[in-house]
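Read the structure below first, then the notes.
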Amino acid sequence: MNLIIISLLFQLVSVVLVLLAPVLTSCLPLILPGDCSDIYHNDNSRPSGVYTIYPIGATSAVQVYCDMVSEGGRWTVFQKRMDGTVNFYRGWDQYKTGFGIAAGEYWLGLESLYHLTLKRKYELLVDMEDFEGNKVFARYSSFSIDPESYGYKLSVSGFINGGAGDSLSYSNGQKFSTFDKDQDSYSGNCARSFLGAFWYSSGCHYTNPNGVYRWGADSTVNAVGVDWYHWKGFNYSLKSISMKIRPVQ
């Protein structure tokens, strides 16, 4: 008889726990990854690939490519060119919110990028490759951008040479410009002149990663390609380039 009672009590407790499970789990804090570093720290066996992050909070889910290999991994890629399948000559609204697909070519979005660099101190890695298979990088120990009200102004410093040379420091302190929102310090519109969108300066640029995707050396139209001047000059358009950030440890 006692065994029957114990069995009934056990079944009753099991039923109660099943019914209460949704309530109990809803009380636990939901931890959403803010960037690829959070994903890595949750499980450091995760491979490079596409993941969902929440840079602004629970309602801000976006897909990004996480580089879990380069220079120790944990990098959140915010810009990637690789094959010319996505048109990067776009207006302000699209550069603000983002476009493309994380499995291929894409731009994360200035607003997401601002919120990421607002919360933590980040470093930047720029990987690039030419059409001959040569690979180099440029690394910067500090990277952040200001809010839209300040033009998403760029702050970048601490250059470390990985063979590419420094073509980005020239853009330090500049606001972001597109063909329909000219915020550069040049007398004209750099985004229109060089068919891109970037933190252009008084002489426009030494790098134009969001320019026209061309195939290697091409001087038909000056400096409109995916250029990194201090490696390949103004008239060599790179096969690939990716810009990625991670929190400074």
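Residues in the structure tokens are numbered from 1 in each chain, the chains being A, B, ... in the order shown, and ligands are numbered from 1 in the order shown.
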
Sorted by chain and rising residue number, which residues of segment 88-172 of chain A lie within 9 Å of segment 61-72 of chain A, and what are their closest atom pairs and distances in Å to one decimal, counting only C-alpha atoms, as CSV?
```
residue,atom,partner,partner_atom,distance
A:Ile101,CA,A:Gln63,CA,7.8
A:Ala102,CA,A:Val64,CA,5.0
A:Ala103,CA,A:Tyr65,CA,6.6
A:Gly104,CA,A:Tyr65,CA,8.7
A:Tyr106,CA,A:Val64,CA,8.7
A:Leu108,CA,A:Val64,CA,7.2
A:Ser112,CA,A:Val62,CA,8.8
A:Leu125,CA,A:Glu71,CA,8.8
A:Asp127,CA,A:Ser70,CA,9.0
```

Report as a ChimeraX atom specification: the residues of segment 15-222 of chain A with a DSSP assignment of strand (DSSP E or B), based on the backbone of this structure. /A:49-53,62-67,75-81,99-100,106-107,122-129,135-145,154-163,177-178,181,198,201,204,207,212,216-217

Given only C-alpha atoms as the counted atoms, nearest of A:Asn87, A:Asn161, A:Ala191, A:Asp182 to Val136 of chain A: A:Asn161

Best match for closeness to Gly84 of chain A among A:Glu105, A:Tyr114, A:Ser242, A:Tyr150, counting only C-alpha atoms: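 Smallest separation from Gly84 of chain A among the options: A:Glu105.
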
With a distance cut-off of 10 Å and only C-alpha atoms, select the neighbouring residues of segment 202-211 of chain A, excluding the residue or stretch itself and same-chain residues fewer than 3 positions from it, and output the selection as a VMD selection string. chain A and resid 79 to 81 87 to 90 107 128 166 to 171 174 184 to 191 193 to 199 214 223 to 231 233 to 234 237 to 238 240 to 243

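Distance check against Pro147 of chain A using only C-alpha atoms: of A:Met82, A:Ile39, A:Leu113, A:Ile56, the minimum falls on A:Leu113.
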
Mind checking which residues fall within 12 Å of Asp43 of chain A, counting only C-alpha atoms, ignoring those fewer than 5 positions away in the same chain, and posting them as an NGL selection string? :A and (33 or 36-38 or 68 or 74)

Which is closest to Tyr40 of chain A among A:Ile53, A:Val221, A:Leu124, A:Val156, if we use only C-alpha atoms?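 Of A:Ile53, A:Val221, A:Leu124, A:Val156, the one nearest Tyr40 of chain A is A:Ile53, counting only C-alpha atoms.
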
DSSP-assigned alpha helix (DSSP H) members of segment 9-202 of chain A, reported as a PyMOL selection string: chain A and resi 9-26+36-42+92-97+110-119+190-193

The distance between atom CA of Gly151 of chain A and atom CA of Lys175 of chain A is 5.0 Å

Best match for closeness to Tyr140 of chain A among A:Pro247, A:Gly91, A:Gly100, A:Gly57, counting only C-alpha atoms: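 Among the listed residues, A:Pro247 lies closest to Tyr140 of chain A.
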
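Of the listed residues (A:Gly163, A:Val212, A:Arg120, A:Glu111), A:Glu111 comes nearest to Ser149 of chain A; the distances count only C-alpha atoms.
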
Rounded to one decimal place, report the atom CA of Lys119 of chain A-atom CA of Phe78 of chain A distance in Å. 16.1 Å
